[in-house]
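Next comes target_30.tsv, a file with TSV, C-alpha atoms and all ligand atoms.
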chain	number	residue	atom	x	y	z
A	1	MET	CA	-46.30	-68.09	-81.25
A	2	SER	CA	-44.95	-70.90	-83.43
A	3	ALA	CA	-42.70	-73.54	-81.92
A	4	LYS	CA	-41.11	-74.05	-85.32
A	5	LEU	CA	-39.04	-70.90	-84.86
A	6	GLN	CA	-37.61	-72.10	-81.58
A	7	TYR	CA	-33.96	-72.96	-81.13
A	8	PHE	CA	-32.77	-75.93	-79.09
A	9	ASN	CA	-29.55	-75.95	-77.15
A	10	SER	CA	-27.24	-78.99	-77.09
A	11	GLN	CA	-28.93	-80.50	-74.02
A	12	GLU	CA	-32.38	-80.23	-75.59
A	13	ALA	CA	-31.18	-81.63	-78.93
A	14	ALA	CA	-29.52	-84.52	-77.09
A	15	LYS	CA	-32.77	-85.26	-75.24
A	16	ILE	CA	-34.78	-85.20	-78.45
A	17	LEU	CA	-32.36	-87.47	-80.32
A	18	GLY	CA	-31.86	-89.78	-77.35
A	19	ILE	CA	-28.08	-89.39	-77.25
A	20	ASN	CA	-25.70	-87.67	-74.87
A	21	VAL	CA	-24.39	-84.14	-75.16
A	22	SER	CA	-20.82	-85.22	-75.93
A	23	THR	CA	-22.13	-87.12	-79.00
A	24	ILE	CA	-23.98	-83.98	-80.11
A	25	LYS	CA	-20.70	-82.05	-79.87
A	26	ARG	CA	-18.78	-84.70	-81.76
A	27	TRP	CA	-21.36	-85.00	-84.55
A	28	THR	CA	-21.58	-81.25	-85.05
A	29	ASP	CA	-17.76	-81.01	-85.17
A	30	GLU	CA	-17.73	-83.83	-87.74
A	31	GLY	CA	-20.46	-82.03	-89.74
A	32	LYS	CA	-22.89	-84.95	-89.40
A	33	LEU	CA	-25.38	-82.76	-87.58
A	34	LYS	CA	-25.80	-79.15	-88.69
A	35	CYS	CA	-26.23	-76.30	-86.23
A	36	ILE	CA	-25.89	-72.56	-85.84
A	37	ARG	CA	-23.19	-71.11	-83.59
A	38	SER	CA	-24.09	-68.20	-81.35
A	39	ALA	CA	-21.69	-65.25	-80.94
A	40	GLY	CA	-20.41	-66.98	-77.80
A	41	GLY	CA	-19.74	-70.21	-79.74
A	42	HIS	CA	-22.72	-72.16	-78.36
A	43	ARG	CA	-24.44	-74.66	-80.62
A	44	LYS	CA	-28.08	-73.90	-81.48
A	45	PHE	CA	-30.39	-76.19	-83.40
A	46	LEU	CA	-33.50	-75.49	-85.44
A	47	PHE	CA	-36.17	-78.11	-86.09
A	48	HIS	CA	-34.92	-78.68	-89.61
A	49	HIS	CA	-31.39	-79.46	-88.38
A	50	LEU	CA	-32.78	-82.34	-86.33
A	51	ALA	CA	-35.26	-83.40	-89.02
A	52	ASP	CA	-32.53	-83.40	-91.71
A	53	PHE	CA	-30.30	-85.43	-89.44
A	54	LEU	CA	-33.04	-88.04	-89.05
A	55	GLU	CA	-33.63	-88.02	-92.80
A	56	ASN	CA	-29.96	-88.68	-93.55
A	57	GLN	CA	-29.64	-91.35	-90.92
A	58	ASN	CA	-29.79	-94.74	-92.55
A	59	GLN	CA	-29.49	-96.67	-89.30
A	60	VAL	CA	-33.10	-97.58	-88.65
A	61	LYS	CA	-32.64	-98.93	-85.13
A	62	SER	CA	-31.54	-95.62	-83.67
A	63	LYS	CA	-32.21	-94.36	-80.16
A	64	VAL	CA	-34.31	-91.44	-81.35
A	65	SER	CA	-36.37	-90.61	-78.29
A	66	ILE	CA	-38.86	-88.39	-80.09
A	67	PHE	CA	-40.63	-91.54	-81.25
A	68	PRO	CA	-39.31	-95.09	-80.77
A	69	VAL	CA	-37.94	-96.18	-84.11
A	70	GLU	CA	-38.28	-99.82	-85.07
A	71	ASN	CA	-38.84	-99.60	-88.81
A	72	THR	CA	-38.71	-97.13	-91.69
A	73	THR	CA	-42.31	-95.97	-91.12
A	74	ASP	CA	-41.40	-95.01	-87.57
A	75	LEU	CA	-38.43	-93.04	-88.83
A	76	GLU	CA	-40.79	-91.15	-91.08
A	77	ILE	CA	-43.15	-90.46	-88.16
A	78	SER	CA	-40.24	-88.92	-86.23
A	79	ARG	CA	-39.69	-86.56	-89.14
A	80	TYR	CA	-43.37	-85.61	-89.30
A	81	ILE	CA	-43.30	-84.98	-85.56
A	82	LEU	CA	-40.24	-82.76	-85.74
A	83	LYS	CA	-41.66	-80.83	-88.68
A	84	GLY	CA	-45.01	-80.50	-86.91
A	85	ASP	CA	-46.92	-81.92	-89.88
A	86	PHE	CA	-50.25	-82.09	-88.07
A	87	ASP	CA	-52.24	-82.99	-91.18
A	88	TYR	CA	-50.23	-86.14	-91.67
A	89	LEU	CA	-50.16	-86.97	-87.98
A	90	GLN	CA	-53.97	-86.70	-87.69
A	91	ASP	CA	-54.49	-89.69	-89.96
A	92	PHE	CA	-51.70	-91.66	-88.37
A	93	ALA	CA	-53.02	-90.93	-84.85
A	94	LEU	CA	-56.56	-91.84	-85.94
A	95	GLU	CA	-55.34	-95.26	-87.09
A	96	LEU	CA	-53.61	-95.79	-83.74
A	97	ALA	CA	-56.73	-94.76	-81.83
A	98	LEU	CA	-59.00	-96.95	-83.97
A	99	SER	CA	-56.80	-99.93	-83.16
A	100	CYS	CA	-56.69	-99.05	-79.44
A	101	ASP	CA	-52.91	-98.52	-79.49
A	102	ARG	CA	-52.62	-96.21	-76.47
A	103	ASN	CA	-48.95	-96.63	-76.08
A	104	ARG	CA	-48.06	-95.59	-79.63
A	105	LEU	CA	-50.61	-92.78	-79.52
A	106	LEU	CA	-48.97	-91.55	-76.32
A	107	GLN	CA	-45.62	-91.66	-78.14
A	108	VAL	CA	-46.98	-89.32	-80.82
A	109	PHE	CA	-48.31	-86.84	-78.23
A	110	LYS	CA	-45.14	-87.15	-76.17
A	111	GLY	CA	-42.93	-86.79	-79.25
A	112	LEU	CA	-44.63	-83.51	-80.20
A	113	TYR	CA	-44.38	-82.27	-76.63
A	114	LEU	CA	-40.67	-83.20	-76.40
A	115	ALA	CA	-40.14	-81.45	-79.73
A	116	GLN	CA	-41.41	-78.37	-77.87
A	117	PHE	CA	-44.74	-77.88	-79.59
A	118	PRO	CA	-46.93	-76.15	-77.02
A	119	LEU	CA	-49.72	-78.28	-75.57
A	120	HIS	CA	-52.41	-75.93	-76.87
A	121	GLU	CA	-51.11	-76.34	-80.41
A	122	ILE	CA	-51.05	-80.15	-80.07
A	123	TYR	CA	-54.58	-80.12	-78.66
A	124	ASP	CA	-56.02	-77.77	-81.31
A	125	LYS	CA	-54.23	-79.11	-84.35
A	126	LEU	CA	-54.12	-82.79	-83.54
A	127	VAL	CA	-56.36	-84.02	-80.71
A	128	THR	CA	-59.46	-81.89	-81.42
A	129	LYS	CA	-59.25	-82.67	-85.14
A	130	LEU	CA	-58.82	-86.36	-84.36
A	131	LEU	CA	-61.92	-86.41	-82.14
A	132	HIS	CA	-64.00	-84.45	-84.64
A	133	LYS	CA	-62.91	-86.86	-87.40
A	134	THR	CA	-63.96	-89.80	-85.23
A	135	GLY	CA	-67.39	-88.18	-84.80
A	136	GLU	CA	-67.67	-87.73	-88.58
A	137	LEU	CA	-66.75	-91.37	-89.27
A	138	TRP	CA	-69.47	-92.47	-86.89
A	139	GLU	CA	-72.03	-90.06	-88.40
A	140	GLN	CA	-71.23	-91.38	-91.88
A	141	GLY	CA	-71.75	-94.94	-90.65
A	142	ARG	CA	-68.13	-95.82	-91.44
A	143	ILE	CA	-67.43	-96.97	-87.89
A	144	SER	CA	-69.78	-98.51	-85.34
A	145	VAL	CA	-70.68	-96.85	-82.06
A	146	ALA	CA	-68.50	-99.40	-80.23
A	147	GLN	CA	-65.54	-98.48	-82.45
A	148	GLU	CA	-66.22	-94.81	-81.75
A	149	HIS	CA	-66.11	-95.55	-78.01
A	150	ILE	CA	-62.83	-97.45	-78.34
A	151	THR	CA	-61.25	-94.72	-80.43
A	152	THR	CA	-62.21	-91.85	-78.15
A	153	GLN	CA	-61.36	-93.75	-74.94
A	154	THR	CA	-57.94	-94.54	-76.44
A	155	VAL	CA	-57.44	-90.82	-77.02
A	156	ARG	CA	-58.58	-90.06	-73.46
A	157	ASP	CA	-56.31	-92.69	-71.92
A	158	SER	CA	-53.31	-91.53	-73.93
A	159	LEU	CA	-53.93	-87.94	-72.84
A	160	ILE	CA	-54.09	-89.00	-69.21
A	161	ARG	CA	-50.78	-90.83	-69.62
A	162	LEU	CA	-49.31	-87.69	-71.19
A	163	GLN	CA	-50.08	-85.77	-68.00
A	164	ALA	CA	-47.22	-87.66	-66.30
A	165	VAL	CA	-44.80	-86.19	-68.85
A	166	ILE	CA	-45.95	-82.57	-68.77
A	167	ASN	CA	-43.83	-80.01	-66.95
A	168	ILE	CA	-45.74	-78.72	-63.97
A	169	PRO	CA	-44.44	-75.68	-62.07
A	170	ALA	CA	-43.88	-76.49	-58.38
A	171	LYS	CA	-45.25	-73.12	-57.28
A	172	LYS	CA	-49.02	-72.81	-57.69
A	173	SER	CA	-50.71	-69.46	-58.21
A	174	SER	CA	-54.29	-70.36	-57.20
A	175	ASN	CA	-57.02	-73.01	-57.44
A	176	ILE	CA	-59.16	-73.72	-60.51
A	177	MET	CA	-62.17	-76.02	-60.43
A	178	CYS	CA	-62.90	-77.95	-63.68
A	179	LEU	CA	-66.25	-79.63	-64.06
A	180	ASN	CA	-69.05	-80.83	-66.34
A	181	PHE	CA	-72.75	-80.66	-65.58
A	182	SER	CA	-74.27	-83.66	-63.80
A	183	ASP	CA	-75.49	-85.47	-66.92
A	184	GLU	CA	-72.52	-84.75	-69.18
A	185	LEU	CA	-70.17	-87.52	-70.26
A	186	HIS	CA	-68.00	-85.51	-72.67
A	187	ASP	CA	-64.95	-84.62	-70.61
A	188	ILE	CA	-62.00	-84.92	-72.99
A	189	ALA	CA	-61.97	-81.19	-73.77
A	190	LEU	CA	-62.04	-80.54	-70.01
A	191	LYS	CA	-59.07	-82.89	-69.49
A	192	MET	CA	-57.10	-80.85	-72.00
A	193	VAL	CA	-58.18	-77.64	-70.25
A	194	ASP	CA	-56.86	-79.22	-67.02
A	195	HIS	CA	-53.44	-79.96	-68.59
A	196	ILE	CA	-52.98	-76.47	-70.01
A	197	LEU	CA	-53.96	-74.78	-66.76
A	198	GLU	CA	-51.87	-77.11	-64.61
A	199	SER	CA	-48.82	-76.49	-66.77
A	200	SER	CA	-49.54	-72.75	-66.45
A	201	GLY	CA	-49.04	-73.04	-62.67
A	202	TYR	CA	-52.57	-73.49	-61.31
A	203	ASN	CA	-53.68	-76.09	-58.81
A	204	ILE	CA	-56.51	-78.02	-60.50
A	205	LEU	CA	-59.55	-79.57	-58.84
A	206	PHE	CA	-60.86	-81.82	-61.60
A	207	SER	CA	-64.24	-83.32	-60.83
A	208	GLY	CA	-64.89	-83.98	-64.53
A	209	GLN	CA	-67.88	-85.75	-66.05
A	210	ILE	CA	-71.26	-86.07	-64.28
A	211	THR	CA	-70.27	-83.82	-61.40
A	212	PRO	CA	-73.07	-83.98	-58.80
A	213	MET	CA	-74.25	-80.60	-57.58
A	214	VAL	CA	-75.12	-81.90	-54.12
A	215	ASP	CA	-72.97	-80.09	-51.54
A	216	ILE	CA	-70.97	-78.37	-54.29
A	217	GLU	CA	-70.78	-75.27	-52.06
A	218	GLN	CA	-68.42	-77.18	-49.72
A	219	LEU	CA	-65.83	-77.22	-52.50
A	220	PHE	CA	-66.08	-73.44	-52.86
A	221	GLU	CA	-65.71	-73.02	-49.11
A	222	THR	CA	-62.72	-75.35	-48.85
A	223	PHE	CA	-60.78	-74.40	-51.96
A	224	GLN	CA	-61.86	-70.80	-52.70
A	225	PRO	CA	-61.25	-71.33	-56.44
A	226	GLU	CA	-60.08	-68.29	-58.37
A	227	TYR	CA	-61.73	-69.73	-61.49
A	228	VAL	CA	-64.45	-72.24	-62.21
A	229	CYS	CA	-64.20	-73.79	-65.70
A	230	ILE	CA	-67.31	-75.53	-66.97
A	231	SER	CA	-67.40	-77.62	-70.14
A	232	SER	CA	-70.69	-78.50	-71.80
A	233	THR	CA	-70.95	-80.41	-75.08
A	234	VAL	CA	-74.45	-81.90	-75.06
A	235	VAL	CA	-77.29	-80.43	-73.03
A	236	TRP	CA	-79.40	-83.46	-72.29
A	237	ASP	CA	-81.94	-81.98	-69.86
A	238	GLN	CA	-82.06	-78.24	-70.55
A	239	LYS	CA	-83.91	-77.27	-67.37
A	240	LYS	CA	-81.53	-79.21	-65.15
A	241	SER	CA	-78.36	-77.89	-66.83
A	242	GLN	CA	-79.74	-74.35	-66.63
A	243	GLN	CA	-80.40	-74.76	-62.89
A	244	GLU	CA	-76.89	-76.10	-62.38
A	245	PHE	CA	-75.36	-73.20	-64.31
A	246	ASP	CA	-77.39	-70.68	-62.31
A	247	GLU	CA	-76.34	-72.32	-59.04
A	248	LEU	CA	-72.66	-72.34	-60.01
A	249	ALA	CA	-72.86	-68.73	-61.22
A	250	GLY	CA	-74.43	-67.75	-57.88
A	251	LEU	CA	-71.68	-69.55	-55.93
A	252	CYS	CA	-69.04	-67.83	-58.06
A	253	LYS	CA	-70.54	-64.46	-57.11
A	254	LYS	CA	-70.69	-65.41	-53.42
A	255	TYR	CA	-67.11	-66.71	-53.24
A	256	GLY	CA	-65.52	-64.24	-55.67
A	257	SER	CA	-64.62	-66.93	-58.24
A	258	LYS	CA	-64.44	-66.09	-61.95
A	259	LEU	CA	-66.38	-68.16	-64.47
A	260	CYS	CA	-64.88	-69.55	-67.64
A	261	ILE	CA	-66.89	-71.72	-70.03
A	262	GLY	CA	-66.46	-73.70	-73.22
A	263	GLY	CA	-68.24	-76.16	-75.48
A	264	SER	CA	-71.22	-76.20	-77.83
A	265	GLY	CA	-73.69	-77.04	-75.00
A	266	PHE	CA	-73.56	-73.42	-73.85
A	267	GLU	CA	-75.47	-72.38	-76.98
A	268	LYS	CA	-78.52	-73.70	-75.10
A	269	ILE	CA	-77.74	-72.07	-71.74
A	270	ASP	CA	-78.88	-68.60	-70.69
A	271	LEU	CA	-75.77	-66.99	-69.20
A	272	THR	CA	-77.45	-63.99	-67.55
A	273	ALA	CA	-77.33	-65.43	-64.01
A	274	GLY	CA	-73.61	-64.82	-63.79
A	275	ARG	CA	-70.73	-62.83	-65.09
A	276	VAL	CA	-68.81	-65.01	-67.53
A	277	GLU	CA	-65.19	-63.84	-67.83
A	278	GLY	CA	-64.25	-66.13	-70.69
A	279	ILE	CA	-66.12	-68.06	-73.38
A	280	ILE	CA	-63.29	-70.14	-74.76
A	281	GLU	CA	-63.30	-71.55	-78.28
A	282	SER	CA	-59.93	-73.20	-78.65
A	283	PHE	CA	-56.98	-74.33	-76.55
A	284	SER	CA	-54.77	-71.57	-77.96
A	285	HIS	CA	-57.42	-69.08	-76.87
A	286	LEU	CA	-57.47	-70.70	-73.41
A	287	TYR	CA	-53.69	-70.52	-73.13
A	288	LEU	CA	-53.64	-66.82	-74.01
A	289	PHE	CA	-56.56	-66.10	-71.70
A	290	PHE	CA	-54.68	-67.57	-68.72
A	291	ASN	CA	-51.26	-66.28	-69.80
A	292	PRO	CA	-52.10	-62.71	-70.93
A	293	GLU	CA	-48.47	-61.56	-70.65
A	294	ILE	CA	-47.65	-63.77	-73.69
A	295	GLU	CA	-50.12	-61.88	-75.91
A	296	GLU	CA	-48.73	-58.54	-74.71
A	297	LYS	CA	-45.18	-59.63	-75.61
A	298	ASN	CA	-46.21	-60.65	-79.15
B	1	LIG	C1	-66.05	-88.60	-77.63
B	1	LIG	C2	-67.52	-88.40	-77.84
B	1	LIG	C3	-68.39	-89.05	-76.98
B	1	LIG	C4	-67.91	-89.93	-75.81
B	1	LIG	C5	-67.45	-89.02	-74.66
B	1	LIG	C6	-66.29	-89.62	-73.89
B	1	LIG	C7	-65.64	-88.64	-72.99
B	1	LIG	N1	-65.14	-89.14	-71.91
B	1	LIG	O1	-65.58	-87.44	-73.27
B	1	LIG	C8	-69.19	-90.74	-75.50
B	1	LIG	C9	-69.15	-91.99	-76.34
B	1	LIG	C10	-69.42	-91.11	-74.06
B	1	LIG	C11	-70.28	-89.83	-76.08
B	1	LIG	C12	-71.59	-89.87	-75.68
B	1	LIG	C13	-72.61	-89.11	-76.29
B	1	LIG	N2	-72.47	-88.31	-77.35
B	1	LIG	CO1	-70.75	-87.78	-78.10
B	1	LIG	N3	-69.25	-87.34	-79.10
B	1	LIG	C14	-68.00	-87.58	-78.91
B	1	LIG	C15	-67.15	-86.94	-80.03
B	1	LIG	C16	-66.75	-88.03	-81.01
B	1	LIG	C17	-65.91	-86.18	-79.57
B	1	LIG	C18	-66.19	-85.13	-78.46
B	1	LIG	C19	-64.92	-84.40	-78.13
B	1	LIG	O2	-64.24	-84.73	-77.16
B	1	LIG	N4	-64.54	-83.46	-78.99
B	1	LIG	C20	-63.26	-82.79	-78.91
B	1	LIG	C21	-63.35	-81.46	-78.18
B	1	LIG	C22	-61.92	-81.05	-77.83
B	1	LIG	O3	-63.89	-80.54	-79.09
B	1	LIG	P1	-65.20	-79.69	-78.82
B	1	LIG	O4	-66.12	-80.49	-77.99
B	1	LIG	O5	-65.62	-79.16	-80.15
B	1	LIG	O6	-64.63	-78.50	-77.89
B	1	LIG	C23	-63.92	-77.35	-78.36
B	1	LIG	C24	-64.35	-76.06	-77.71
B	1	LIG	O7	-65.70	-76.00	-77.51
B	1	LIG	C25	-63.49	-75.92	-76.49
B	1	LIG	N5	-64.03	-76.40	-75.23
B	1	LIG	C26	-64.86	-77.45	-75.02
B	1	LIG	N6	-65.10	-77.58	-73.74
B	1	LIG	C27	-64.41	-76.61	-73.09
B	1	LIG	C28	-64.38	-76.30	-71.74
B	1	LIG	C29	-63.66	-75.23	-71.28
B	1	LIG	C30	-63.63	-74.91	-69.82
B	1	LIG	C31	-62.95	-74.46	-72.22
B	1	LIG	C32	-62.21	-73.33	-71.73
B	1	LIG	C33	-62.98	-74.77	-73.58
B	1	LIG	C34	-63.73	-75.85	-74.02
B	1	LIG	O8	-62.37	-76.69	-76.75
B	1	LIG	C35	-62.51	-77.49	-77.92
B	1	LIG	C36	-61.46	-77.05	-78.88
B	1	LIG	O9	-61.87	-76.31	-79.97
B	1	LIG	C37	-68.17	-85.91	-80.63
B	1	LIG	C38	-67.91	-85.54	-82.08
B	1	LIG	C39	-67.47	-84.08	-82.20
B	1	LIG	N7	-67.72	-83.45	-83.31
B	1	LIG	O10	-66.93	-83.48	-81.28
B	1	LIG	C40	-69.52	-86.58	-80.31
B	1	LIG	C41	-70.73	-85.67	-80.05
B	1	LIG	C42	-70.32	-84.47	-79.22
B	1	LIG	N8	-71.61	-86.55	-79.26
B	1	LIG	C43	-72.87	-86.38	-79.54
B	1	LIG	C44	-73.94	-87.09	-78.92
B	1	LIG	C45	-75.32	-86.83	-79.48
B	1	LIG	C46	-73.71	-87.97	-77.84
B	1	LIG	C47	-74.77	-88.76	-77.08
B	1	LIG	C48	-76.03	-87.99	-76.76
B	1	LIG	C49	-75.06	-90.02	-77.89
B	1	LIG	C50	-76.19	-90.87	-77.34
B	1	LIG	N9	-77.28	-90.85	-78.07
B	1	LIG	O11	-76.03	-91.50	-76.33
B	1	LIG	C51	-74.01	-89.17	-75.80
B	1	LIG	C52	-74.21	-88.11	-74.69
B	1	LIG	C53	-73.89	-88.62	-73.38
B	1	LIG	C54	-73.95	-87.54	-72.32
B	1	LIG	N10	-74.91	-87.64	-71.43
B	1	LIG	O12	-73.14	-86.65	-72.29
B	1	LIG	C55	-73.07	-85.33	-80.62
B	1	LIG	C56	-73.57	-83.99	-80.06
B	1	LIG	C57	-74.57	-83.31	-80.96
B	1	LIG	C58	-75.15	-82.13	-80.22
B	1	LIG	N11	-74.44	-81.01	-80.20
B	1	LIG	O13	-76.18	-82.24	-79.65
B	1	LIG	C59	-71.64	-85.28	-81.28
B	1	LIG	C60	-71.26	-83.93	-81.91
B	1	LIG	C61	-71.61	-86.40	-82.33
B	1	LIG	C62	-72.58	-86.17	-83.48
B	1	LIG	N12	-72.09	-85.67	-84.59
B	1	LIG	O14	-73.75	-86.42	-83.37
B	1	LIG	N13	-69.75	-88.98	-77.01
What is this structure when it is put down as structure tokens?
Amino acid sequence: MSAKLQYFNSQEAAKILGINVSTIKRWTDEGKLKCIRSAGGHRKFLFHHLADFLENQNQVKSKVSIFPVENTTDLEISRYILKGDFDYLQDFALELALSCDRNRLLQVFKGLYLAQFPLHEIYDKLVTKLLHKTGELWEQGRISVAQEHITTQTVRDSLIRLQAVINIPAKKSSNIMCLNFSDELHDIALKMVDHILESSGYNILFSGQITPMVDIEQLFETFQPEYVCISSTVVWDQKKSQQEFDELAGLCKKYGSKLCIGGSGFEKIDLTAGRVEGIIESFSHLYLFFNPEIEEKN
């Protein structure tokens, strides 16, 4: 499913461009902004209509809400966002994260989301790549460990701020518990899992990094989660992580919860203690796993 083929109606185009619907109507009538007319006469916009409009606009201080425009570089960023040029945006976002610019990084994420790119696409094609690149820079000695911390915490903070913007269905289907093992600090992938599942209509219990296993059964009793999603990136103490997995798998069996896992740490975990419903490798995979009707339609 590619968002680039999506049409926007006048209201959506107005929201993206930061103007009101009557201006959209006037500009299309004047030919300033191109569109397609449906059989019923309604205006429909493709990404390139909006991107071309931005390109032809020579007023730099516009009210483009996709990305706040203050200079010509910003105008260009708006175009890259609308076109979904993730390769370009990766480097731009990395610069923002390296300089701890959470607000501007949030604007990039938010801009892509407002331009109707699905979250899973933004997370696979931009955020995951950005985090992997940060890891590579550190491995190559091109940034210090402190810079790596700043960069990845900036990404994490911006993602958390994005959560306030994401559309969340009011009606919840069931509970999902999202956790890391008790010595795991890597929880950014899990945060993104949280966003995708919450926007798919689940109620999320996010205990995140270094989740203690003491009294974990109480959570199963209280919330009866339909799914338990565990993320593991680094297995620090193999015996301990294995025990925790076995305990969680046992609780899933007892309470009828389904297990879903992700992350490279699971290469070191023996999964035989439980029935794992999903071993998830990407956010697009996760989205399809929890929204199977979408795959059937395609
Ligand atoms: C950010 C980061 C940190 C941050 C974490 C901050 C935080 N709050 O998350 C900090 C600085 C704390 C950190 C610490 C450490 N880190 Co670190 N870290 C990273 C970094 C740069 C990014 C990790 C990340 O978020 N990746 C992005 C996610 C989205 O991608 P992913 O993990 O590949 O996950 C994909 C799938 O597996 C799936 N997925 C993952 N989880 C889940 C869960 C579910 C439920 C589902 C459905 C799917 C899913 O989705 C992703 C999309 O494809 C990586 C570099 C890298 N290559 O990833 C190193 C990296 C993971 N860290 C590493 C190491 C060694 C450490 C430390 C041990 C360093 C140290 N000596 O102290 C500690 C470990 C601390 C601990 N006890 O956990 C190594 C791991 C090597 C290994 N496999 O053993 C890496 C690869 C760096 C390296 N090249 O050496 N780290």
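Using all atoms listed in the file, the nearest neighbour of ligand LIG 1 (chain B) within the list A:Lys268, A:His132, A:Lys258, A:Lys171 is A:His132.
Proximity of A:Lys239, A:His49, A:His186, A:Arg275 to A:Lys34, computed with only C-alpha atoms, is greatest for A:His49.
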**Message:** Please find the residues contacting ligand LIG 1 (chain B) at a distance of at most 8 Å between atoms, with all atoms listed in the file counted, and report them as a ChimeraX atom specification.
**Reply:** /A:123-124,127-136,138-139,145,148-149,152-153,156,178-179,183-190,192-193,209,229-236,260-265,278-283,286
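The nearest approach to A:Thr154 among the residues A:Leu94, A:Leu251, A:Leu46, A:Ile36, with all atoms listed in the file taken into account, belongs to A:Leu94.
Comparing the minimum interatomic distances between A:Phe181 and each of A:Ala93, A:Leu98, A:Leu126, A:Ile269, counting all atoms listed in the file, we find that A:Ile269 sits nearest.
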In the coordinates of the file, take the point (-31.7, -82.8, -78.8) and a cut-off of 10 Å; then, counting only C-alpha atoms, name each qualifying protein, DNA or RNA residue as a compact mmCIF listing (two decimals) with C-alpha atoms, keeping the file's coordinate frame.
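Output (part-v3.txt):
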# COMPACT_ATOMS: atom_id res chain seq x y z
CA PHE A 8 -32.77 -75.93 -79.09
CA ASN A 9 -29.55 -75.95 -77.15
CA SER A 10 -27.24 -78.99 -77.09
CA GLN A 11 -28.93 -80.50 -74.02
CA GLU A 12 -32.38 -80.23 -75.59
CA ALA A 13 -31.18 -81.63 -78.93
CA ALA A 14 -29.52 -84.52 -77.09
CA LYS A 15 -32.77 -85.26 -75.24
CA ILE A 16 -34.78 -85.20 -78.45
CA LEU A 17 -32.36 -87.47 -80.32
CA GLY A 18 -31.86 -89.78 -77.35
CA ILE A 19 -28.08 -89.39 -77.25
CA ASN A 20 -25.70 -87.67 -74.87
CA VAL A 21 -24.39 -84.14 -75.16
CA ILE A 24 -23.98 -83.98 -80.11
CA LYS A 44 -28.08 -73.90 -81.48
CA PHE A 45 -30.39 -76.19 -83.40
CA PHE A 47 -36.17 -78.11 -86.09
CA LEU A 50 -32.78 -82.34 -86.33
CA VAL A 64 -34.31 -91.44 -81.35
CA SER A 65 -36.37 -90.61 -78.29
CA ILE A 66 -38.86 -88.39 -80.09
CA LEU A 114 -40.67 -83.20 -76.40
CA ALA A 115 -40.14 -81.45 -79.73
Please provide as a CSV table (one decimal) with C-alpha atoms, in the frame of the given file all residues within 9 Å of stretch 79-81 of chain A, with the sequence filter that same-chain residues fewer than 4 positions apart are discarded (counting all atoms listed in the file).
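Final output, saved to selection39.csv:
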chain,number,residue,atom,x,y,z
A,50,LEU,CA,-32.8,-82.3,-86.3
A,51,ALA,CA,-35.3,-83.4,-89.0
A,52,ASP,CA,-32.5,-83.4,-91.7
A,54,LEU,CA,-33.0,-88.0,-89.0
A,55,GLU,CA,-33.6,-88.0,-92.8
A,66,ILE,CA,-38.9,-88.4,-80.1
A,67,PHE,CA,-40.6,-91.5,-81.2
A,74,ASP,CA,-41.4,-95.0,-87.6
A,75,LEU,CA,-38.4,-93.0,-88.8
A,85,ASP,CA,-46.9,-81.9,-89.9
A,86,PHE,CA,-50.2,-82.1,-88.1
A,88,TYR,CA,-50.2,-86.1,-91.7
A,89,LEU,CA,-50.2,-87.0,-88.0
A,108,VAL,CA,-47.0,-89.3,-80.8
A,111,GLY,CA,-42.9,-86.8,-79.2
A,112,LEU,CA,-44.6,-83.5,-80.2
A,115,ALA,CA,-40.1,-81.4,-79.7
**Request:** Compile the contact shell of A:Lys110 as a ChimeraX atom specification: residues with an atom at most 12 Å away, counting all atoms listed in the file, same-chain residues fewer than 4 positions apart removed.
**Result:** /A:16,65-68,78,81-82,102-106,114-119,122,158-167
**Asked** How many Å separate atom CA of A:Ile150 from atom CA of A:Gln107?
**Response** 18.2 Å
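Shortest atom-to-atom contact with A:Phe223 among A:Ser257, A:Thr211, A:Asp237, A:Glu30: A:Ser257, counting all atoms listed in the file.
Here atom CA of A:Ser200 and atom CA of A:Lys125 stand 19.6 Å from one another.
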